[in-house]
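Engineer: Before I ask anything, let me first share the structure, which is written out below as structure tokens.
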Amino acid sequence: MLGKGERRQRAQDALDELRKALRLALGAAVAILRNAQTRKDQLEFEQSVTRLGLAKARVDLEIIEARQRPELAVTWDKVIAERDELYAGWHDGPDRLRALVAGAAPGSAGSPWQDWLGRTGHDAGGEAPAMWRVGTAVVEEAPREDEFPVAVPLLDRAHLRVNSVPDSRSVVDSLVETLLLRLMSYFRPGLVKVHLWDIGHLTGSLPNLQPLTSAGLLTVHDPTRLDDLLADLAGHIRRVHAKAMREGETSLRSVCVAKGERVEPWRVVVLFGNGERLPDEQQRELQRVARTGIDAGVSLICVDVPLSANSPLETIAFTDPRHATTSMTGPGVRFRPDDAPDGSLASRAAAAIAADLIARRGKPRTFEDLLPPEFGTLSSKDELRAPVGFADGVPVEVVIGDATPHALIAGPSGSGKTNFLYAMLGGLAARYGPGELELYLLDFKEGVSFAGLAPGRKDPSWLPQARLVGVNVNTDREFGLALLRFLTEELARRAEAAKRQEVTKLAELREADPDGHWPRIVAVIDEFQALFGGRDRITQQATVLLEDVARRGRSQGIHLVLASQDIAGIEAFWGKPAVFEQCTLRIAMPKAKRVLSETNNAAFTLPRWHAVINHDSGVAHGNQVAHIPDASARGTFDKLQQRLWSAGNWPAPTLFDGAHQPLLAEAADFADPAGPLLGQIIDVGCRAATMALDAVPGRNLAVIGTATADALSIMESMTFSLARKHSPGSVDFSIWCSVPALRERVTRLAKILRAIGHSVDHRTDEEIAKLVPSSGERPRYIMFFAVDAAHQWLERKQPPAMRSGLDDLRALLKNGPANHVHTFGWWRGVGRLKDTLGFGGTDDIGAWVALDVQGQELSALAAGQIIDWAPRPRRAIYFDKSTHSSPDVIIPFDTVDPA
Ligand SMILES: Nc1ncnc2c1ncn2[C@@H]1O[C@H](COP(=O)(O)OP(=O)(O)OP(=O)(O)O)[C@@H](O)[C@H]1O
């Protein structure tokens with residue numbers, strides 16, 4: 001057993017052991033803590049040195065004092081050693097950098113402004129320099145001769161963000177200005193366009209560059225209209241992407257590299273902000289432009305406009321008013337922006353660039369420049385495409401196809417609509433042969449604007465693609481209707497063919513039926529609002545048909561080009577926007593109203609002979625402004641037409657001229673008449689209205705009205721065509737006329753018939769009343785002029801039967817036709833006709849032609865149908881109960897020389 005003292009001793013020893021162990025542990029912990037603190041101090045020290053830069057650190061009092069601590073002195077030595085090691089290879093660094101920048105930034109992209117300022121560039125812009133110089137830097141503590149140039153990528157490579165500090169604005173401005181001058185002096189003037197927006201000012205930013213505005217190279221945007229600028233850029237980017245895609249490339253840059261020249265100018269957009277984020281919507285739009293712009297040649301220079309780096313972006317951040325760092329070199333290298341040229345020098349250089357471009361444009365692009373080197377080589381399978389004008393010498397095209405099936409053109413009188421149409425038709429006709437493109441051209445204006453496209457007296461040539469030319473149709477709205485009807489029929493024919501081939505679009509139909517004739521059809525209607533000029537049946541029908549063609553034409557390759565002075569004036573379309581919606585291609589001439597979208601005011605500021613071409617339904621971002629060359633002067637379109645016409649043997653287009661009375665002798669149907677011809681139908685085919693003469697009751701015809709010249713012309717047309725249809729001796733003619741004033745003319749008619757060899761029973765007196773009974777042996781045609789005037793004799797009753805000539809005439813009308821005796825009578829009013837026919841006799845008049853007779857008077861002759869007809873000179877309506885659902889408007893022939 002241990003004694004008490006011994007036990008205590010043991011406990012004491014154990015306690016001492018424990019204390020010793022604890023002391024050791026504590027000491028170790030303190031040592032660790034102290035080491036950690038030292039390490040922390042060293043790291044912090046190293047960080048301060050790095051942050052300050054060695055040069056500054058060397059003279060910084062705090063650092064100097066800290067270096068007194070041995071452990072920090074070690075760190076200092078380490079930093080120095082590391083720097084030395086890092087820079088061991090730097091002795092040739094500046095040279096390498098100089099060579100690098102010289103290679104990547106040739107000419108004005110990299111050399112001092114003294115070398116290039118004031119001289120305009122010649123580079124065609126196939127490929128832009130990779131870098132653009134902004135200043136000089138020197139690595140810390142390096143001697144001044146080790147300075148090296150600092151350059152940033154721009155144009156097709158990156159955007160630039162510049163962050164200023166207080167008092168640095170003038171240096172920032174100079175930096176941006178010099179950079180822009182470098183860009184503009186490098187390329188041929190016109191290839192770089194600058195857009196300037198400054199949140200603070202409308203004018204005043206970059207004043208030395210203002211001379212560029214005169215040539216359109218600099219556009220200063222309203223501080224309150226950033227939305228418009230961004231929308232415009234978005235539209236531009238979309239268009240350029242589409243253009244690149246069509247060329248089979250993904251970016252504009254690759255298109256231009258392949259072509260060796262810039263096909264679309266770069267747009268450098270300089271935004272001066274105030275350091276704050278833009279409102280959300282604008283910020284989003286700006287980010288979108290940043291993301292998609294590079295591939296479309298849109299470069300941003302954002303000064304104090306926060307921009308997140310979701311796209312290639314370099315930054316220049318000022319650290320004090322004279323120095324900046326850049327993301328190209330990292331924070332350790334500060335650079336000094338290059339000295340900028342004196343303001344007047346810069347402004348003179350800008351003026352020289354503008355002047356050069358203006359001089360270059362001085363050779364204006366002409367109609368000839370719209371034409372391709374080889375004619376008629378393109379296929380219209382997918383679309384029609386042709387340049388119509390130029391923007392800074394670069395062609396601006398119109399595209400008519402599935403996405404932009406129809407076009408709407410507007411502009412006040414004299415603004416150049418017709419000229420635009422000629423430019424467009426010329427460009428298309430030179431590219432697409434008649435097998436690819438057919439044109440139907442209608443002009444509701446007074447005048448003959450399209451007449452030259454059809455053969456004429458002075459110029460026998462025509463445009464090979466033209467199938468129909470309608471001029472002076474201003475009073476013949478029916479002709480417009482006829483064209484629309486024709487187009488809907490063609491639509492139906494195409495839809496039917498497409499259905500048979502189990503396809504839906506023209507391009508597919510053409511693939512499925514390669515031997516078929518499926519050209520694209522373009523129907524141009526100038527002053528088309530005239531078609532909707534009345535509150536009548538024509539307006540109603542035209543509205544329905546136009547909507548139908550607009551809606552269904554898209555897929556069947558039938559395209560409308562509608563031109564008008566005033567779109568707003570077309571009442572028929574109020575509340576029925578279908579036609580306008582389908583017209584996604586909008587062309588606005590200077591001062592045009594309504595054709596572009598409501599907020600798009602581009603047409604108001606448009607210079608003369610320019611047009612806004614917009615393939616986006618008139619929304620601002622789709623605007624393309626182009627100068628339209630003169631296509632109406634002699635030696636332009638007419639010369640092209642001559643060349644195209646003489647290159648082949650093309651069928652001539654049908655010409656409808658509303659101011660011209662067609663000659664019976666020249667009517668196609670007169671060559672071999674199927675029956676009596678009455679006049680020319682107002683129709684796309686320009687056929688003659690021909691009455692069918694079967695041996696059935698009712699096959700008589702009444703001409704009604706007092707318009708003597710027209711009535712004579714119709715009576716004569718019928719007579720001459722019947723005389724031509726039948727060989728002499730096979731039919732008999734009766735020619736009766738009791739009016740002395742007409743005797744001469746009617747006698748001439750009888751003489752001509754006899755001269756041909758026909759037998760003619762010609763009467764001018766009361767003999768008329770002794771009507772010859774129907775013979776039944778040979779067909780007889782009774783041409784009875786002014787029937788009502790013969791009533792004086794017809795009404796006399798002959799004893800003993802007390803039967804009058806009128807009774808005989810009624811019997812003749814009733815029974816004649818079944819025996820091939822047809823009466824063609826002229827009455828000078830509906831009432832007079834009814835007097836002759838008596839009660840119930842209207843059935844015996846199966847067809848009639850009305851002249852100066854109001855529509856409502858005629859419904860009794862058309863089984864009660866409402867006849868919509870307001871008489872007009874040299875026009876008539878023809879209605880045949882047995883074939884017509886509604887009357888045809890006809891133009892009486894000129895019968896002067898039927899031979
Ligand atoms: N781009 C152009 N360059 C030169 N001259 C032009 C141009 N466009 C039109 N002109 C001339 O201006 C005149 C009017 O042009 P145009 O007939 O095309 O106008 P419009 O808008 O159709 O007018 P309106 O509706 O009165 O017929 C014509 O004499 C034409 O030669």
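Chain lettering (A, B, ...) mirrors the order of the structure tokens, residue numbering begins at 1 for each chain separately, and ligand numbering begins at 1 in order of display.
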Show me which residues sit within 6 Å of ligand 1 when counting only C-alpha atoms and all ligand atoms, and put them as a PDB file with N, CA and C atoms, in the first residue's frame.
Structural biologist:
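File selection.pdb, as written:
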```
ATOM      1  N   GLY A 411     -47.013  58.106-102.617  1.00  0.00           N
ATOM      2  CA  GLY A 411     -46.298  59.374-102.697  1.00  0.00           C
ATOM      3  C   GLY A 411     -47.183  60.350-103.429  1.00  0.00           C
ATOM      4  N   PRO A 412     -47.083  61.633-103.058  1.00  0.00           N
ATOM      5  CA  PRO A 412     -47.928  62.614-103.734  1.00  0.00           C
ATOM      6  C   PRO A 412     -47.576  62.731-105.218  1.00  0.00           C
ATOM      7  N   SER A 413     -48.452  63.399-105.927  1.00  0.00           N
ATOM      8  CA  SER A 413     -48.259  63.558-107.363  1.00  0.00           C
ATOM      9  C   SER A 413     -46.892  64.168-107.659  1.00  0.00           C
ATOM     10  N   GLY A 414     -46.185  63.582-108.594  1.00  0.00           N
ATOM     11  CA  GLY A 414     -44.898  64.123-108.993  1.00  0.00           C
ATOM     12  C   GLY A 414     -43.740  63.665-108.133  1.00  0.00           C
ATOM     13  N   SER A 415     -44.011  62.819-107.142  1.00  0.00           N
ATOM     14  CA  SER A 415     -42.923  62.411-106.254  1.00  0.00           C
ATOM     15  C   SER A 415     -42.092  61.277-106.843  1.00  0.00           C
ATOM     16  N   GLY A 416     -42.526  60.737-107.969  1.00  0.00           N
ATOM     17  CA  GLY A 416     -41.702  59.740-108.645  1.00  0.00           C
ATOM     18  C   GLY A 416     -42.193  58.312-108.535  1.00  0.00           C
ATOM     19  N   LYS A 417     -43.464  58.115-108.270  1.00  0.00           N
ATOM     20  CA  LYS A 417     -44.003  56.749-108.181  1.00  0.00           C
ATOM     21  C   LYS A 417     -43.870  56.003-109.500  1.00  0.00           C
ATOM     22  N   THR A 418     -44.284  56.677-110.558  1.00  0.00           N
ATOM     23  CA  THR A 418     -44.243  56.016-111.864  1.00  0.00           C
ATOM     24  C   THR A 418     -42.796  55.711-112.236  1.00  0.00           C
ATOM     25  N   ASN A 419     -41.937  56.666-111.938  1.00  0.00           N
ATOM     26  CA  ASN A 419     -40.521  56.443-112.209  1.00  0.00           C
ATOM     27  C   ASN A 419     -40.002  55.248-111.412  1.00  0.00           C
ATOM     28  N   TRP A 609     -36.262  62.421-105.364  1.00  0.00           N
ATOM     29  CA  TRP A 609     -35.818  61.245-106.129  1.00  0.00           C
ATOM     30  C   TRP A 609     -35.241  60.144-105.230  1.00  0.00           C
ATOM     31  N   ILE A 628     -33.300  56.780-106.333  1.00  0.00           N
ATOM     32  CA  ILE A 628     -33.852  56.042-107.476  1.00  0.00           C
ATOM     33  C   ILE A 628     -33.392  56.740-108.750  1.00  0.00           C
ATOM     34  N   PRO A 629     -32.686  56.035-109.606  1.00  0.00           N
ATOM     35  CA  PRO A 629     -32.236  56.711-110.817  1.00  0.00           C
ATOM     36  C   PRO A 629     -33.408  57.041-111.743  1.00  0.00           C
ATOM     37  N   ASP A 630     -33.165  57.956-112.625  1.00  0.00           N
ATOM     38  CA  ASP A 630     -34.187  58.336-113.600  1.00  0.00           C
ATOM     39  C   ASP A 630     -34.406  57.168-114.564  1.00  0.00           C
ATOM     40  N   SER A 632     -37.327  57.161-116.439  1.00  0.00           N
ATOM     41  CA  SER A 632     -38.374  57.593-117.369  1.00  0.00           C
ATOM     42  C   SER A 632     -37.811  58.363-118.554  1.00  0.00           C
ATOM     43  N   ALA A 633     -36.590  58.877-118.409  1.00  0.00           N
ATOM     44  CA  ALA A 633     -36.038  59.694-119.488  1.00  0.00           C
ATOM     45  C   ALA A 633     -35.763  58.825-120.711  1.00  0.00           C
TER      46      ALA A 633
END
```
Engineer: Residues of stretch 260-300 of chain A that approach stretch 183-190 of chain A to 12 Å or less, counting only C-alpha atoms: could you list each one with the shortest pair of atoms and its distance in Å to one decimal, rows by chain and increasing residue number, as a tab-separated table?
Structural biologist:
```
residue	atom	partner	partner_atom	distance
A:Glu261	CA	A:Arg188	CA	10.4
A:Arg262	CA	A:Phe187	CA	9.6
A:Val263	CA	A:Gly190	CA	11.0
A:Glu264	CA	A:Gly190	CA	9.5
A:Pro265	CA	A:Gly190	CA	6.8
A:Trp266	CA	A:Gly190	CA	8.9
A:Arg267	CA	A:Gly190	CA	10.3
A:Val268	CA	A:Leu183	CA	9.4
A:Ser299	CA	A:Leu183	CA	11.6
```
Engineer: Tell me, as a PyMOL selection string, which residues lie within 12 Å of A:Ala354, counting only C-alpha atoms; anything in the same chain fewer than 4 positions away does not count.
Structural biologist: chain A and resi 118-121+181+184-185+188-193+209-218+347-350+358-361+392
Engineer: I'd like to know which residues of stretch 355-490 of chain A are strand (DSSP E or B) (by DSSP, run on the backbone); could you write them as a ChimeraX atom specification?
Structural biologist: /A:383-391,394-401,407-410,437-443,466-471
Engineer: Would you put the residues from that selection into a file with N, CA and C atoms, as a short mmCIF file (atom, residue, chain, number, x, y, z; two decimals), in the first residue's frame?
Structural biologist:
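Writing the result to again_22.cif gives the following:
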```cif
data_model
loop_
_atom_site.label_atom_id
_atom_site.label_comp_id
_atom_site.auth_asym_id
_atom_site.auth_seq_id
_atom_site.Cartn_x
_atom_site.Cartn_y
_atom_site.Cartn_z
N GLU A 383 -38.33 33.54 -105.81
CA GLU A 383 -38.65 34.95 -105.58
C GLU A 383 -38.23 35.76 -106.79
N LEU A 384 -38.64 37.03 -106.75
CA LEU A 384 -38.16 38.00 -107.72
C LEU A 384 -37.33 39.01 -106.94
N ARG A 385 -36.23 39.41 -107.52
CA ARG A 385 -35.34 40.30 -106.77
C ARG A 385 -34.62 41.20 -107.76
N ALA A 386 -34.64 42.48 -107.51
CA ALA A 386 -33.91 43.39 -108.39
C ALA A 386 -33.58 44.68 -107.65
N PRO A 387 -32.43 45.27 -107.97
CA PRO A 387 -32.13 46.57 -107.36
C PRO A 387 -33.03 47.64 -107.97
N VAL A 388 -33.40 48.61 -107.15
CA VAL A 388 -34.21 49.72 -107.66
C VAL A 388 -33.52 51.06 -107.47
N GLY A 389 -32.46 51.05 -106.66
CA GLY A 389 -31.77 52.31 -106.42
C GLY A 389 -30.49 52.06 -105.66
N PHE A 390 -29.91 53.14 -105.17
CA PHE A 390 -28.60 53.02 -104.53
C PHE A 390 -28.55 53.84 -103.25
N ALA A 391 -27.87 53.29 -102.27
CA ALA A 391 -27.57 54.03 -101.05
C ALA A 391 -26.06 54.14 -100.99
N VAL A 394 -24.28 51.77 -103.11
CA VAL A 394 -24.55 50.34 -102.90
C VAL A 394 -26.00 50.07 -103.34
N PRO A 395 -26.19 49.05 -104.19
CA PRO A 395 -27.55 48.81 -104.68
C PRO A 395 -28.52 48.44 -103.55
N VAL A 396 -29.73 48.95 -103.65
CA VAL A 396 -30.81 48.57 -102.72
C VAL A 396 -31.85 47.81 -103.53
N GLU A 397 -32.18 46.61 -103.04
CA GLU A 397 -33.04 45.73 -103.83
C GLU A 397 -34.48 45.72 -103.33
N VAL A 398 -35.39 45.35 -104.20
CA VAL A 398 -36.71 44.94 -103.74
C VAL A 398 -36.80 43.43 -103.94
N VAL A 399 -37.50 42.79 -103.03
CA VAL A 399 -37.69 41.35 -103.11
C VAL A 399 -39.19 41.09 -103.11
N ILE A 400 -39.64 40.35 -104.10
CA ILE A 400 -41.05 39.97 -104.14
C ILE A 400 -41.07 38.45 -104.10
N GLY A 401 -41.62 37.92 -103.02
CA GLY A 401 -41.60 36.47 -102.86
C GLY A 401 -42.56 36.07 -101.76
N ALA A 407 -46.73 44.63 -102.86
CA ALA A 407 -46.11 45.91 -102.54
C ALA A 407 -47.13 47.03 -102.59
N LEU A 408 -46.91 47.99 -101.73
CA LEU A 408 -47.74 49.17 -101.68
C LEU A 408 -46.80 50.37 -101.86
N ILE A 409 -47.11 51.22 -102.82
CA ILE A 409 -46.25 52.37 -103.10
C ILE A 409 -47.07 53.63 -102.95
N ALA A 410 -46.56 54.59 -102.19
CA ALA A 410 -47.33 55.82 -102.06
C ALA A 410 -46.43 57.04 -102.15
N LEU A 437 -41.49 35.56 -115.72
CA LEU A 437 -42.21 36.72 -115.19
C LEU A 437 -43.23 37.21 -116.22
N GLU A 438 -44.45 37.39 -115.78
CA GLU A 438 -45.46 38.00 -116.64
C GLU A 438 -46.00 39.24 -115.95
N LEU A 439 -46.17 40.30 -116.73
CA LEU A 439 -46.60 41.57 -116.15
C LEU A 439 -47.97 41.97 -116.67
N TYR A 440 -48.79 42.40 -115.75
CA TYR A 440 -50.10 42.95 -116.07
C TYR A 440 -50.12 44.37 -115.50
N LEU A 441 -50.23 45.33 -116.37
CA LEU A 441 -49.99 46.71 -115.95
C LEU A 441 -51.19 47.58 -116.21
N LEU A 442 -51.62 48.23 -115.19
CA LEU A 442 -52.85 49.00 -115.30
C LEU A 442 -52.62 50.37 -114.71
N ASP A 443 -53.04 51.40 -115.41
CA ASP A 443 -52.86 52.74 -114.90
C ASP A 443 -54.18 53.49 -114.90
N ALA A 466 -44.54 41.78 -120.72
CA ALA A 466 -45.87 42.38 -120.54
C ALA A 466 -46.90 41.50 -121.25
N ARG A 467 -47.96 41.16 -120.55
CA ARG A 467 -49.06 40.40 -121.15
C ARG A 467 -50.26 41.29 -121.37
N LEU A 468 -50.39 42.29 -120.54
CA LEU A 468 -51.54 43.17 -120.65
C LEU A 468 -51.13 44.57 -120.22
N VAL A 469 -51.50 45.53 -121.02
CA VAL A 469 -51.24 46.91 -120.65
C VAL A 469 -52.56 47.66 -120.73
N GLY A 470 -52.96 48.25 -119.65
CA GLY A 470 -54.22 49.01 -119.65
C GLY A 470 -53.92 50.47 -119.36
N VAL A 471 -54.26 51.35 -120.26
CA VAL A 471 -54.05 52.77 -120.02
C VAL A 471 -55.38 53.51 -120.18
#
```
Engineer: Which residues, written as a list in words, have at least one atom at most 7 Å from stretch 638-646 of chain A, with only C-alpha atoms counted and residues fewer than 6 positions away on the same chain left out?
Structural biologist: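 Once the adjacent positions are removed, what remains is Ser461, Trp462, Leu463 and Pro464 of chain A.
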Engineer: Do you know which residues are at most 6 Å from stretch 141-155 of chain A counting only C-alpha atoms, after dropping those on the same chain fewer than 3 positions away, and could you put them as a ChimeraX atom specification?
Structural biologist: /A:55,94,98,130-138,158-159,299
Engineer: Please provide as a list in words all residues within 9 Å of A:Trp113, with the sequence filter that same-chain residues fewer than 4 positions apart are discarded (counting only C-alpha atoms).
Structural biologist: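 Residues meeting the cut-off are Ser108, Leu117, Thr178, Leu181, Arg182, Asp339, Ala340 and Pro341 of chain A.
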Engineer: Determine which residues of stretch 310-347 of chain A receive a DSSP assignment of helix (DSSP H, G or I), computed from the backbone, and state them as a ChimeraX atom specification.
Structural biologist: /A:343-347
Engineer: With C-alpha atoms retained, could you export that selection as a PDB file, in the first residue's frame?
Structural biologist:
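Ended up saving to part.pdb:
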```pdb
ATOM      1  CA  GLY A 343      -9.360  70.781 -83.747  1.00  0.00           C
ATOM      2  CA  SER A 344      -9.145  72.657 -87.018  1.00  0.00           C
ATOM      3  CA  LEU A 345      -6.909  69.985 -88.542  1.00  0.00           C
ATOM      4  CA  ALA A 346      -9.349  67.281 -87.515  1.00  0.00           C
ATOM      5  CA  SER A 347     -12.289  69.185 -88.862  1.00  0.00           C
TER       6      SER A 347
END
```
Engineer: With a distance cut-off of 6 Å and only C-alpha atoms, select the neighbouring residues of stretch 676-680 of chain A, excluding the residue or stretch itself and same-chain residues fewer than 3 positions from it, and output the selection as a list in words.
Structural biologist: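 Within the cut-off, the hits are Arg687, Ala688, Ala689, Thr690, Met691, Ile714, Ser717, Met718, Ser721, Leu722, Ile890, Ile891, Pro892 and Phe893 of chain A.
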Engineer: Do you have, as CSV, the list of residues of stretch 168-263 of chain A lying at most 12 Å from stretch 307-331 of chain A, each with its nearest atom pair and that distance in Å to one decimal, counting only C-alpha atoms and ordered by chain then number?
Structural biologist:
```
residue,atom,partner,partner_atom,distance
A:Ser168,CA,A:Pro321,CA,4.1
A:Arg169,CA,A:Pro321,CA,7.8
A:Ser170,CA,A:Pro321,CA,8.7
A:Val171,CA,A:Arg322,CA,7.0
A:Val172,CA,A:Phe318,CA,8.6
A:Asp173,CA,A:Pro321,CA,11.7
A:Ser174,CA,A:Arg322,CA,11.4
A:Leu175,CA,A:Ile316,CA,10.3
A:Val176,CA,A:Ile316,CA,11.0
```
Engineer: Calculated over only C-alpha atoms, which of the candidates A:Ile735, A:Ala104, A:Val59, A:Val473 has the smallest distance to A:His762?
Structural biologist: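 Smallest separation from A:His762 among the options: A:Ile735.
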Engineer: With a cut-off of 12 Å, could you pull out the residues of stretch 649-737 of chain A touching stretch 445-458 of chain A and give me the nearest pair of atoms for each, distance in Å to one decimal, using only C-alpha atoms, ordered by chain and ascending number, as a Markdown table?
Structural biologist:
```
| residue | atom | partner | partner_atom | distance |
| --- | --- | --- | --- | --- |
| A:Trp650 | CA | A:Pro455 | CA | 11.7 |
| A:Pro651 | CA | A:Ala454 | CA | 10.6 |
| A:Ala652 | CA | A:Ala454 | CA | 7.1 |
| A:Pro653 | CA | A:Ala454 | CA | 6.1 |
| A:Thr654 | CA | A:Ala454 | CA | 7.5 |
| A:Leu655 | CA | A:Ala454 | CA | 6.3 |
| A:Phe656 | CA | A:Ala451 | CA | 9.1 |
| A:Asp657 | CA | A:Ala451 | CA | 8.3 |
| A:Gly658 | CA | A:Glu446 | CA | 9.8 |
| A:Ala659 | CA | A:Gly447 | CA | 9.3 |
| A:His660 | CA | A:Val448 | CA | 11.4 |
```
Engineer: Considering only C-alpha atoms, state which residue in the set A:Glu857, A:Glu490, A:Glu285, A:Asp694 is at the smallest distance from A:Asp232.
Structural biologist: A:Glu285
Engineer: Which one of A:Arg477, A:His884, A:His559, A:His201 sits closest to A:Pro223 if you count only C-alpha atoms?
Structural biologist: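 Closest candidate: A:His201.
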Engineer: What is the atom CA of A:Gly685 to atom CA of A:Leu481 distance in Å?
Structural biologist: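 So the answer is 12.8 Å.
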Engineer: Rank A:Ile877, A:Val731, A:Met715, A:Ala769 by their smallest atom-to-atom distance to A:Phe824, using only C-alpha atoms, and report the top residue only.
Structural biologist: A:Met715
